[in-house]
file my_file_30.tsv (TSV, C-alpha atoms and all ligand atoms)
chain	number	residue	atom	x	y	z
A	26	HIS	CA	-7.09	10.59	44.00
A	27	ASN	CA	-7.29	13.45	41.58
A	28	SER	CA	-10.81	14.78	41.07
A	29	ASP	CA	-9.69	17.70	38.96
A	30	ILE	CA	-10.55	15.82	35.79
A	31	ALA	CA	-13.91	15.73	34.04
A	32	PHE	CA	-14.71	13.20	31.30
A	33	ILE	CA	-17.73	13.73	29.05
A	34	GLY	CA	-18.97	11.04	26.64
A	35	LEU	CA	-18.82	7.47	27.92
A	36	GLY	CA	-19.59	5.39	24.83
A	37	GLN	CA	-17.57	2.68	23.12
A	38	MET	CA	-14.33	4.62	23.51
A	39	GLY	CA	-14.93	7.02	26.40
A	40	ALA	CA	-16.00	4.38	28.93
A	41	ARG	CA	-12.88	2.31	28.28
A	42	MET	CA	-10.59	5.34	28.34
A	43	VAL	CA	-11.95	6.67	31.61
A	44	ASN	CA	-11.61	3.22	33.18
A	45	ASN	CA	-7.90	3.36	32.47
A	46	LEU	CA	-7.66	6.77	34.14
A	47	ILE	CA	-9.36	5.29	37.20
A	48	LYS	CA	-7.01	2.27	37.20
A	49	ASN	CA	-4.14	4.74	37.30
A	50	GLY	CA	-5.41	6.43	40.44
A	51	GLU	CA	-7.56	9.26	39.10
A	52	LYS	CA	-11.10	9.87	40.32
A	53	PRO	CA	-12.70	11.80	37.46
A	54	LYS	CA	-16.12	13.37	37.35
A	55	VAL	CA	-18.02	11.69	34.54
A	56	TYR	CA	-21.07	12.50	32.44
A	57	ASP	CA	-22.88	10.93	29.51
A	58	ILE	CA	-26.24	12.02	28.15
A	59	LEU	CA	-27.36	8.39	28.72
A	60	PRO	CA	-27.64	8.05	32.52
A	61	SER	CA	-27.01	4.30	32.30
A	62	ASN	CA	-23.61	5.00	30.71
A	63	THR	CA	-22.74	7.45	33.49
A	64	LYS	CA	-23.74	5.01	36.23
A	65	ALA	CA	-21.82	2.14	34.64
A	66	ILE	CA	-18.43	3.70	35.45
A	67	GLN	CA	-17.12	2.35	38.75
A	68	GLY	CA	-14.75	4.46	40.82
A	69	ALA	CA	-15.69	7.81	39.29
A	70	ILE	CA	-17.93	10.64	40.45
A	71	PRO	CA	-21.15	10.41	38.41
A	72	CYS	CA	-22.66	13.74	37.35
A	73	SER	CA	-26.09	14.53	35.97
A	74	SER	CA	-24.97	17.28	33.61
A	75	ALA	CA	-21.88	18.38	31.74
A	76	ASP	CA	-21.94	21.60	33.79
A	77	GLU	CA	-21.79	19.67	37.02
A	78	ALA	CA	-18.88	17.57	35.73
A	79	VAL	CA	-16.71	20.51	34.72
A	80	GLU	CA	-17.33	22.63	37.83
A	81	GLY	CA	-13.94	23.06	39.49
A	82	SER	CA	-12.14	20.81	36.99
A	83	LYS	CA	-8.70	21.74	35.68
A	84	ILE	CA	-8.74	19.26	32.81
A	85	VAL	CA	-11.83	18.39	30.78
A	86	ILE	CA	-11.85	15.58	28.24
A	87	THR	CA	-14.65	15.11	25.71
A	88	MET	CA	-15.21	11.90	23.71
A	89	LEU	CA	-18.42	12.52	21.78
A	90	PRO	CA	-19.81	11.20	18.49
A	91	ASN	CA	-19.26	14.13	16.14
A	92	GLY	CA	-18.37	17.78	15.67
A	93	SER	CA	-21.87	19.19	15.98
A	94	ILE	CA	-22.39	17.47	19.35
A	95	VAL	CA	-18.93	18.57	20.50
A	96	LYS	CA	-19.70	22.15	19.48
A	97	SER	CA	-23.08	22.25	21.21
A	98	THR	CA	-21.59	20.69	24.35
A	99	ILE	CA	-18.81	23.26	24.50
A	100	LEU	CA	-20.18	26.40	22.83
A	101	GLY	CA	-23.96	25.92	22.97
A	102	GLU	CA	-26.53	27.71	25.08
A	103	LYS	CA	-25.66	25.50	28.05
A	104	GLY	CA	-22.12	24.95	26.79
A	105	ILE	CA	-19.38	24.12	29.27
A	106	LEU	CA	-16.98	26.81	28.03
A	107	LYS	CA	-18.82	29.41	30.12
A	108	ARG	CA	-18.28	27.25	33.21
A	109	LEU	CA	-14.62	26.47	32.73
A	110	ALA	CA	-12.09	28.03	35.06
A	111	LYS	CA	-9.50	30.38	33.56
A	112	ASN	CA	-6.44	28.57	32.27
A	113	SER	CA	-8.12	25.16	32.47
A	114	LEU	CA	-7.34	22.69	29.72
A	115	LEU	CA	-10.00	21.33	27.40
A	116	LEU	CA	-9.14	18.27	25.31
A	117	ASP	CA	-11.41	16.96	22.61
A	118	CYS	CA	-10.61	13.35	21.74
A	119	SER	CA	-13.54	12.99	19.31
A	120	THR	CA	-12.92	12.98	15.56
A	121	THR	CA	-14.38	16.27	14.34
A	122	GLY	CA	-12.12	17.47	11.53
A	123	PRO	CA	-9.75	20.45	11.61
A	124	GLN	CA	-12.35	23.17	11.09
A	125	VAL	CA	-14.27	22.39	14.27
A	126	ALA	CA	-11.00	22.05	16.19
A	127	GLN	CA	-9.77	25.46	15.06
A	128	GLU	CA	-13.10	27.07	15.86
A	129	LEU	CA	-13.04	25.59	19.37
A	130	PHE	CA	-9.41	26.64	19.86
A	131	GLN	CA	-10.33	30.20	18.94
A	132	SER	CA	-13.40	30.36	21.19
A	133	ALA	CA	-11.51	28.78	24.07
A	134	GLN	CA	-8.69	31.29	23.71
A	135	GLU	CA	-11.21	34.15	23.90
A	136	SER	CA	-12.39	32.67	27.22
A	137	ASN	CA	-8.86	32.15	28.54
A	138	VAL	CA	-9.23	28.40	28.30
A	139	ARG	CA	-6.59	26.24	26.64
A	140	PHE	CA	-7.79	23.83	23.94
A	141	LEU	CA	-6.15	20.83	22.30
A	142	ASP	CA	-7.50	18.59	19.57
A	143	ALA	CA	-6.55	15.11	20.69
A	144	PRO	CA	-8.21	12.45	18.52
A	145	VAL	CA	-7.18	8.86	19.02
A	146	SER	CA	-6.45	5.74	17.07
A	147	GLY	CA	-6.50	2.12	18.22
A	148	GLY	CA	-10.20	1.34	18.33
A	149	VAL	CA	-12.08	-0.17	21.25
A	150	VAL	CA	-9.37	-2.82	21.57
A	151	GLY	CA	-6.73	-0.11	22.09
A	152	ALA	CA	-9.03	1.90	24.35
A	153	GLN	CA	-9.59	-1.16	26.53
A	154	ALA	CA	-5.91	-2.07	26.70
A	155	GLY	CA	-4.73	1.52	27.21
A	156	THR	CA	-2.65	1.40	24.04
A	157	LEU	CA	-4.24	4.24	22.07
A	158	CYS	CA	-2.25	6.65	19.95
A	159	PHE	CA	-3.16	10.30	20.67
A	160	MET	CA	-2.63	12.89	17.92
A	161	LEU	CA	-2.42	16.38	19.34
A	162	GLY	CA	-2.92	19.79	17.80
A	163	GLY	CA	-2.55	23.09	19.65
A	164	ASN	CA	0.13	24.72	21.74
A	165	LEU	CA	3.27	22.67	22.35
A	166	LYS	CA	3.38	23.58	26.05
A	167	ASP	CA	-0.15	22.32	26.61
A	168	TYR	CA	0.75	19.05	24.89
A	169	GLN	CA	3.78	18.66	27.17
A	170	GLU	CA	1.65	19.28	30.23
A	171	VAL	CA	-1.01	16.74	29.35
A	172	GLU	CA	1.17	13.96	27.91
A	173	PRO	CA	1.70	12.07	31.21
A	174	LEU	CA	-2.05	11.95	31.84
A	175	LEU	CA	-2.79	10.73	28.31
A	176	LEU	CA	-0.19	7.98	28.72
A	177	HIS	CA	-2.58	6.40	31.25
A	178	MET	CA	-4.93	5.76	28.32
A	179	GLY	CA	-2.49	5.30	25.50
A	180	LYS	CA	1.02	4.22	24.63
A	181	LYS	CA	1.88	7.13	22.34
A	182	VAL	CA	1.09	10.84	22.39
A	183	ILE	CA	2.26	12.61	19.25
A	184	TYR	CA	2.41	16.37	18.85
A	185	CYS	CA	1.26	16.99	15.27
A	186	GLY	CA	1.43	20.80	15.17
A	187	LYS	CA	-0.84	23.79	15.57
A	188	SER	CA	-4.56	23.61	16.30
A	189	GLY	CA	-6.31	21.22	13.91
A	190	ALA	CA	-3.16	19.23	13.08
A	191	GLY	CA	-4.21	16.34	15.32
A	192	GLN	CA	-7.52	16.15	13.46
A	193	ILE	CA	-5.85	16.28	10.05
A	194	THR	CA	-3.55	13.43	11.09
A	195	LYS	CA	-6.53	11.42	12.32
A	196	LEU	CA	-8.51	11.94	9.10
A	197	CYS	CA	-5.56	10.75	7.01
A	198	ASN	CA	-5.23	7.66	9.19
A	199	ASN	CA	-8.93	6.88	8.98
A	200	LEU	CA	-8.94	7.35	5.24
A	201	ILE	CA	-6.44	4.48	5.07
A	202	LEU	CA	-8.47	2.52	7.62
A	203	GLY	CA	-11.75	2.80	5.69
A	204	VAL	CA	-10.15	1.89	2.40
A	205	THR	CA	-8.13	-1.05	3.76
A	206	MET	CA	-11.10	-2.48	5.64
A	207	ILE	CA	-13.09	-2.59	2.43
A	208	GLY	CA	-10.13	-4.03	0.51
A	209	THR	CA	-9.55	-6.68	3.17
A	210	ALA	CA	-13.24	-7.64	3.30
A	211	GLU	CA	-13.38	-7.74	-0.50
A	212	ALA	CA	-10.34	-10.03	-0.78
A	213	LEU	CA	-11.41	-12.34	2.03
A	214	ASN	CA	-14.89	-12.64	0.56
A	215	LEU	CA	-13.38	-13.48	-2.82
A	216	GLY	CA	-11.12	-16.13	-1.29
A	217	VAL	CA	-13.92	-17.70	0.72
A	218	LYS	CA	-16.25	-17.79	-2.29
A	219	LEU	CA	-13.45	-19.48	-4.27
A	220	GLY	CA	-13.21	-22.16	-1.59
A	221	LEU	CA	-10.45	-20.97	0.77
A	222	ASP	CA	-10.58	-21.12	4.55
A	223	PRO	CA	-10.64	-17.48	5.79
A	224	SER	CA	-8.26	-18.25	8.69
A	225	LEU	CA	-5.69	-19.77	6.37
A	226	LEU	CA	-6.02	-16.88	3.93
A	227	THR	CA	-5.70	-14.39	6.80
A	228	ASN	CA	-2.57	-16.14	8.12
A	229	VAL	CA	-0.91	-15.84	4.72
A	230	VAL	CA	-1.97	-12.21	4.22
A	231	ASN	CA	-0.63	-11.35	7.68
A	232	ILE	CA	2.87	-12.53	6.78
A	233	SER	CA	2.61	-11.08	3.28
A	234	THR	CA	2.23	-7.71	1.61
A	235	GLY	CA	-1.55	-7.48	2.05
A	236	ARG	CA	-1.35	-7.24	5.83
A	237	SER	CA	-3.04	-4.35	7.65
A	238	TRP	CA	-4.74	-3.62	10.97
A	239	SER	CA	-7.97	-4.71	9.32
A	240	SER	CA	-6.52	-8.15	8.59
A	241	ASP	CA	-4.32	-8.79	11.64
A	242	THR	CA	-6.10	-7.05	14.53
A	243	TYR	CA	-9.69	-6.47	13.47
A	244	ASN	CA	-10.46	-9.17	10.96
A	245	PRO	CA	-13.91	-8.74	9.40
A	246	VAL	CA	-14.66	-12.47	8.90
A	247	PRO	CA	-16.55	-14.14	11.78
A	248	GLY	CA	-14.54	-16.92	13.39
A	249	VAL	CA	-11.08	-15.76	12.33
A	250	MET	CA	-10.36	-13.77	15.51
A	251	GLU	CA	-11.78	-13.59	19.03
A	252	ASN	CA	-12.77	-10.41	20.83
A	253	VAL	CA	-13.39	-8.40	17.69
A	254	PRO	CA	-16.78	-7.11	16.49
A	255	SER	CA	-16.99	-9.72	13.70
A	256	ALA	CA	-17.01	-12.38	16.46
A	257	LYS	CA	-20.02	-10.66	18.09
A	258	ASN	CA	-22.36	-10.14	15.16
A	259	TYR	CA	-20.59	-6.81	14.51
A	260	GLU	CA	-21.80	-5.31	17.79
A	261	GLY	CA	-19.77	-2.59	19.53
A	262	GLY	CA	-16.56	-1.32	18.00
A	263	PHE	CA	-16.37	1.51	15.48
A	264	SER	CA	-19.75	2.15	13.93
A	265	VAL	CA	-20.49	2.45	10.23
A	266	GLU	CA	-21.93	5.90	10.86
A	267	LEU	CA	-18.66	7.06	12.46
A	268	ILE	CA	-16.37	5.86	9.65
A	269	ALA	CA	-18.82	7.41	7.16
A	270	LYS	CA	-18.55	10.67	9.12
A	271	ASP	CA	-14.74	10.54	9.03
A	272	LEU	CA	-14.56	9.83	5.30
A	273	GLY	CA	-16.97	12.74	4.75
A	274	LEU	CA	-14.69	14.99	6.81
A	275	ALA	CA	-11.70	13.80	4.76
A	276	GLY	CA	-13.70	14.72	1.66
A	277	ASP	CA	-14.39	18.23	2.97
A	278	ALA	CA	-10.72	18.72	3.83
A	279	ALA	CA	-9.63	17.39	0.43
A	280	LEU	CA	-12.01	19.70	-1.41
A	281	SER	CA	-10.68	22.71	0.45
A	282	ILE	CA	-7.23	22.21	-1.09
A	283	ASN	CA	-8.28	20.35	-4.27
A	284	ALA	CA	-6.55	17.05	-3.44
A	285	PRO	CA	-8.08	14.05	-5.19
A	286	ILE	CA	-9.12	11.18	-2.90
A	287	PRO	CA	-10.88	8.77	-5.25
A	288	LEU	CA	-10.77	5.62	-3.11
A	289	ALA	CA	-11.85	7.48	0.02
A	290	ALA	CA	-14.78	8.94	-1.90
A	291	MET	CA	-15.87	5.49	-3.07
A	292	SER	CA	-15.41	4.07	0.44
A	293	HIS	CA	-17.50	6.92	1.83
A	294	GLN	CA	-20.34	6.05	-0.54
A	295	LEU	CA	-20.13	2.34	0.33
A	296	PHE	CA	-20.39	3.00	4.06
A	297	ARG	CA	-23.24	5.44	3.41
A	298	THR	CA	-24.97	2.67	1.49
A	299	LEU	CA	-24.64	0.38	4.54
A	300	ILE	CA	-26.44	3.05	6.56
A	301	THR	CA	-29.41	2.85	4.18
A	302	TYR	CA	-29.43	-0.91	4.83
A	303	GLY	CA	-30.01	-0.21	8.55
A	304	LEU	CA	-26.42	-0.96	9.56
A	305	ALA	CA	-25.46	2.49	10.93
A	306	LYS	CA	-24.79	1.23	14.45
A	307	LYS	CA	-22.95	-1.95	13.46
A	308	ASP	CA	-19.18	-2.09	13.46
A	309	PHE	CA	-17.71	-0.97	10.13
A	310	SER	CA	-16.19	-4.41	9.49
A	311	VAL	CA	-19.79	-5.43	8.67
A	312	ILE	CA	-18.86	-4.41	5.12
A	313	TYR	CA	-17.79	-8.07	4.80
A	314	LYS	CA	-21.38	-9.28	5.28
A	315	TYR	CA	-22.63	-6.75	2.78
A	316	LEU	CA	-20.14	-7.92	0.14
A	317	GLN	CA	-21.08	-11.52	0.95
A	318	GLY	CA	-24.66	-10.60	0.16
A	319	GLU	CA	-25.81	-11.77	3.57
A	320	LYS	CA	-28.37	-10.17	5.81
A	321	VAL	CA	-27.31	-8.90	9.23
A	322	GLU	CA	-29.83	-8.56	12.03
A	401	LIG	P1	-20.19	6.29	20.84
A	401	LIG	O1	-21.36	6.74	20.06
A	401	LIG	O2	-20.09	4.88	21.29
A	401	LIG	O3	-20.03	7.21	22.15
A	401	LIG	C1	-20.41	8.55	22.23
A	401	LIG	C2	-21.05	8.78	23.59
A	401	LIG	O4	-21.41	10.16	23.70
A	401	LIG	C3	-22.34	7.98	23.79
A	401	LIG	O5	-22.28	7.26	25.01
A	401	LIG	C4	-23.43	9.05	23.85
A	401	LIG	O6	-24.51	8.71	24.72
A	401	LIG	C5	-22.66	10.24	24.36
A	401	LIG	N1	-23.27	11.53	24.04
A	401	LIG	C6	-23.91	11.90	22.91
A	401	LIG	N2	-24.30	13.17	22.99
A	401	LIG	C7	-23.91	13.61	24.21
A	401	LIG	C8	-24.02	14.86	24.88
A	401	LIG	N3	-24.62	15.91	24.32
A	401	LIG	N4	-23.50	14.96	26.14
A	401	LIG	C9	-22.90	13.92	26.72
A	401	LIG	N5	-22.76	12.71	26.13
A	401	LIG	C10	-23.26	12.57	24.89
A	401	LIG	O7	-18.91	6.70	19.98
A	401	LIG	P2	-17.41	6.15	20.15
A	401	LIG	O8	-17.25	4.96	19.27
A	401	LIG	O9	-17.04	6.11	21.57
A	401	LIG	O10	-16.62	7.35	19.40
A	401	LIG	C11	-16.45	8.63	20.00
A	401	LIG	C12	-15.59	9.47	19.09
A	401	LIG	O11	-14.30	8.84	18.93
A	401	LIG	C13	-16.12	9.67	17.68
A	401	LIG	O12	-15.83	10.96	17.23
A	401	LIG	C14	-15.37	8.62	16.87
A	401	LIG	O13	-15.25	9.00	15.51
A	401	LIG	C15	-14.04	8.58	17.57
A	401	LIG	N6	-13.32	7.30	17.52
A	401	LIG	C16	-13.95	6.11	17.65
A	401	LIG	C17	-13.23	4.93	17.60
A	401	LIG	C18	-13.90	3.58	17.72
A	401	LIG	O14	-13.25	2.57	17.40
A	401	LIG	N7	-15.13	3.48	18.19
A	401	LIG	C19	-11.85	4.96	17.42
A	401	LIG	C20	-11.21	6.20	17.34
A	401	LIG	C21	-11.95	7.36	17.39
call {"tool": "encode", "arguments": {"input": "my_file_30.tsv", "output": "structure tokens"}}
result
Amino acid sequence: HNSDIAFIGLGQMGARMVNNLIKNGEKPKVYDILPSNTKAIQGAIPCSSADEAVEGSKIVITMLPNGSIVKSTILGEKGILKRLAKNSLLLDCSTTGPQVAQELFQSAQESNVRFLDAPVSGGVVGAQAGTLCFMLGGNLKDYQEVEPLLLHMGKKVIYCGKSGAGQITKLCNNLILGVTMIGTAEALNLGVKLGLDPSLLTNVVNISTGRSWSSDTYNPVPGVMENVPSAKNYEGGFSVELIAKDLGLAGDAALSINAPIPLAAMSHQLFRTLITYGLAKKDFSVIYKYLQGEKVE
């Protein structure tokens, strides 16, 4: 067992990722601000603070909701950066955008800690199955060192370039994800309202040019697929508030270089609208119910 690893943030993604580390023989120290999430991980060393988790760790992985929480956890008053051993490796797998990543890289460097941005793609299904794609930004040597460990949680680890490049890659991916989910939900709703069976329509789309992850792996229509959020009243999965965050980050990045992203901007506003309908914590495929005009409890 290797107890040199700390894992902070055990939510939808983190809990599943850390379970795959454990399955592969690691014994990480784990911490989540919700004690029930910390206790739920079997085969790890539960900790009651982030400080306690990182004490003596050589590799620290964070999987937290957003950039401001990541920053306060690492750089804040009680931030873990102060506690990290020299030359240890800090990996943030959260989606925070390039600016936060570069800021953390800089601060880490000043403390002789190595930092990588390492956001992931694959959703809770990929996290569960250990088939995530990791997108890394930072120093090439650090990426090479950490790749074997990340392959316990994913099937691909891609070096994207200097600090922030992993985050930029992730934002571009999620821009496509947000837009295609809405497009898929819109088309399936149209078909259903015109009398088609959503499973039949999905089968055709999936062997045709409209296919995407949103149609073939994460279908938004209840009853079309098993083990996806739409089969569980849109519980779990990738929350509306998180896709809204990512589209907002894409907007910030686009503004900084004056690139137009019209569909992402519209998608951002649609997901923000769902938040005002009380759907912040639902999976983002709930957009289907919204377009259907149906209430979701
Ligand atoms: P989540 O909200 O389910 O999990 C976040 C966890 O962090 C929660 O358990 C929460 O209690 C914990 N937490 C919050 N503040 C904390 C603190 N100060 N200290 C310790 N723990 C704290 O979110 P998630 O869906 O697991 O997503 C995590 C990150 O990964 C986000 O940045 C998200 O954008 C990204 N992401 C999510 C998915 C997905 O499908 N859910 C896919 C790829 C990337």
call {"tool": "closest_residue", "arguments": {"input": "my_file_30.tsv", "among": "A:Glu319, A:Glu266, A:Asp222, A:Asp271", "to": "Lys307 in chain A", "atoms": "only C-alpha atoms"}}
result
A:Glu266
call {"tool": "closest_residue", "arguments": {"input": "my_file_30.tsv", "among": "A:Val311, A:Ala126, A:Ile86, A:Ile47", "to": "Met206 in chain A", "atoms": "only C-alpha atoms"}}
result
A:Val311
call {"tool": "closest_atom_pairs", "arguments": {"input": "my_file_30.tsv", "of": "chain A", "to": "ligand LIG 401 (chain A)", "cutoff": "6 Å", "atoms": "only C-alpha atoms and all ligand atoms", "output": "tab-separated table"}}
result
residue	atom	partner	partner_atom	distance
A:Ile33	CA	A:LIG401	C9	5.7
A:Gly34	CA	A:LIG401	O4	3.9
A:Leu35	CA	A:LIG401	O5	4.5
A:Gly36	CA	A:LIG401	O3	3.3
A:Gln37	CA	A:LIG401	O9	3.8
A:Met38	CA	A:LIG401	O9	3.7
A:Gly39	CA	A:LIG401	O9	5.3
A:Asp57	CA	A:LIG401	N5	3.8
A:Ile58	CA	A:LIG401	N5	4.1
A:Leu59	CA	A:LIG401	O6	4.9
A:Met88	CA	A:LIG401	C11	5.1
A:Leu89	CA	A:LIG401	O4	4.3
A:Pro90	CA	A:LIG401	C13	4.1
A:Asn91	CA	A:LIG401	O12	4.8
A:Ile94	CA	A:LIG401	N3	5.7
A:Thr98	CA	A:LIG401	N3	5.7
A:Ser119	CA	A:LIG401	O12	3.7
A:Thr120	CA	A:LIG401	O12	3.9
A:Val145	CA	A:LIG401	C20	5.1
A:Ser146	CA	A:LIG401	C20	4.8
A:Gly148	CA	A:LIG401	O14	3.4
A:Val149	CA	A:LIG401	O14	4.9
A:Gly262	CA	A:LIG401	N7	5.0
A:Phe263	CA	A:LIG401	N7	3.6
A:Leu267	CA	A:LIG401	O13	5.0
call {"tool": "atom_distance", "arguments": {"input": "my_file_30.tsv", "atom1": "CA of Lys54 in chain A", "atom2": "CA of Arg41 in chain A"}}
result
14.7 Å
call {"tool": "atom_distance", "arguments": {"input": "my_file_30.tsv", "atom1": "CA of Ala190 in chain A", "atom2": "CA of Pro123 in chain A"}}
result
6.9 Å
call {"tool": "residues_near_point", "arguments": {"input": "my_file_30.tsv", "point": "(-14.6, 28.1, 31.3)", "cutoff": "10 Å", "atoms": "all atoms listed in the file", "output": "PyMOL selection string"}}
result
chain A and resi 79-83+99+104-115+133+136-139
call {"tool": "atom_distance", "arguments": {"input": "my_file_30.tsv", "atom1": "CA of Ile66 in chain A", "atom2": "CA of His177 in chain A"}}
result
16.6 Å
call {"tool": "residues_around", "arguments": {"input": "my_file_30.tsv", "residues": "Asp241 in chain A", "least_positions_apart": "5", "cutoff": "10 Å", "atoms": "all atoms listed in the file", "output": "number ranges by chain"}}
result
A: 227-228, 230-232, 236, 249-250
call {"tool": "axis_aligned_box", "arguments": {"input": "my_file_30.tsv", "around": "range 103-107 of chain A", "padding_each_side": "6 Å", "output": "AutoDock Vina command-line options"}}
result
--center_x -21.3 --center_y 26.8 --center_z 28.5 --size_x 20.7 --size_y 17.3 --size_z 15.3
call {"tool": "residues_near_point", "arguments": {"input": "my_file_30.tsv", "point": "(-12.4, -9.9, 20.9)", "cutoff": "12 Å", "atoms": "all atoms listed in the file", "output": "list of chain:residue names"}}
result
A:Gly148, A:Val149, A:Val150, A:Gly151, A:Gln153, A:Ala154, A:Thr242, A:Tyr243, A:Asn244, A:Pro245, A:Pro247, A:Gly248, A:Val249, A:Met250, A:Glu251, A:Asn252, A:Val253, A:Pro254, A:Ser255, A:Ala256, A:Lys257, A:Asn258, A:Tyr259, A:Glu260, A:Gly261, A:Gly262
call {"tool": "residues_around", "arguments": {"input": "my_file_30.tsv", "residues": "range 272-278 of chain A", "least_positions_apart": "4", "cutoff": "6 Å", "atoms": "all atoms listed in the file", "output": "list in words"}}
result
Gly122, Leu196 and His293 of chain A
call {"tool": "write_last_selection", "arguments": {"input": "my_file_30.tsv", "atoms": "C-alpha atoms", "output": "mmCIF file, keeping the file's coordinate frame"}}
result
data_model
loop_
_atom_site.group_PDB
_atom_site.id
_atom_site.type_symbol
_atom_site.label_atom_id
_atom_site.label_comp_id
_atom_site.auth_asym_id
_atom_site.auth_seq_id
_atom_site.Cartn_x
_atom_site.Cartn_y
_atom_site.Cartn_z
ATOM 1 C CA GLY A 122 -12.120 17.470 11.530
ATOM 2 C CA LEU A 196 -8.510 11.940 9.100
ATOM 3 C CA HIS A 293 -17.500 6.920 1.830
#
call {"tool": "residues_around", "arguments": {"input": "my_file_30.tsv", "residues": "Ile312 in chain A", "least_positions_apart": "6", "cutoff": "9 Å", "atoms": "only C-alpha atoms", "output": "number ranges by chain"}}
result
A: 206-207, 210-211, 245, 265, 295-296, 299
call {"tool": "residues_around", "arguments": {"input": "my_file_30.tsv", "residues": "Cys185 in chain A", "least_positions_apart": "4", "cutoff": "7 Å", "atoms": "all atoms listed in the file", "output": "list in words"}}
result
Met160, Leu161, Gly162, Ala190 and Gly191 of chain A
call {"tool": "build_atoms", "arguments": {"input": "my_file_30.tsv", "residues": "range 206-219 of chain A", "atoms": "N, CA and C atoms", "output": "compact mmCIF listing (two decimals), in the frame of the given file"}}
result
# COMPACT_ATOMS: atom_id res chain seq x y z
N MET A 206 -10.07 -1.55 5.14
CA MET A 206 -11.10 -2.48 5.64
C MET A 206 -11.92 -3.01 4.47
N ILE A 207 -12.30 -2.13 3.57
CA ILE A 207 -13.09 -2.59 2.43
C ILE A 207 -12.25 -3.54 1.56
N GLY A 208 -11.01 -3.18 1.32
CA GLY A 208 -10.13 -4.03 0.51
C GLY A 208 -9.94 -5.40 1.14
N THR A 209 -9.75 -5.42 2.46
CA THR A 209 -9.55 -6.68 3.17
C THR A 209 -10.82 -7.53 3.09
N ALA A 210 -11.97 -6.90 3.34
CA ALA A 210 -13.24 -7.64 3.30
C ALA A 210 -13.50 -8.18 1.89
N GLU A 211 -13.17 -7.37 0.90
CA GLU A 211 -13.38 -7.74 -0.50
C GLU A 211 -12.53 -8.97 -0.86
N ALA A 212 -11.26 -8.93 -0.46
CA ALA A 212 -10.34 -10.03 -0.78
C ALA A 212 -10.71 -11.30 -0.02
N LEU A 213 -11.07 -11.15 1.25
CA LEU A 213 -11.41 -12.34 2.03
C LEU A 213 -12.71 -12.96 1.51
N ASN A 214 -13.65 -12.12 1.13
CA ASN A 214 -14.89 -12.64 0.56
C ASN A 214 -14.61 -13.39 -0.75
N LEU A 215 -13.74 -12.82 -1.56
CA LEU A 215 -13.38 -13.48 -2.82
C LEU A 215 -12.76 -14.85 -2.55
N GLY A 216 -11.80 -14.87 -1.62
CA GLY A 216 -11.12 -16.13 -1.29
C GLY A 216 -12.09 -17.19 -0.77
N VAL A 217 -12.96 -16.76 0.13
CA VAL A 217 -13.92 -17.70 0.72
C VAL A 217 -14.86 -18.25 -0.36
N LYS A 218 -15.32 -17.35 -1.23
CA LYS A 218 -16.25 -17.79 -2.29
C LYS A 218 -15.55 -18.73 -3.28
N LEU A 219 -14.21 -18.59 -3.39
CA LEU A 219 -13.45 -19.48 -4.27
C LEU A 219 -13.00 -20.74 -3.54
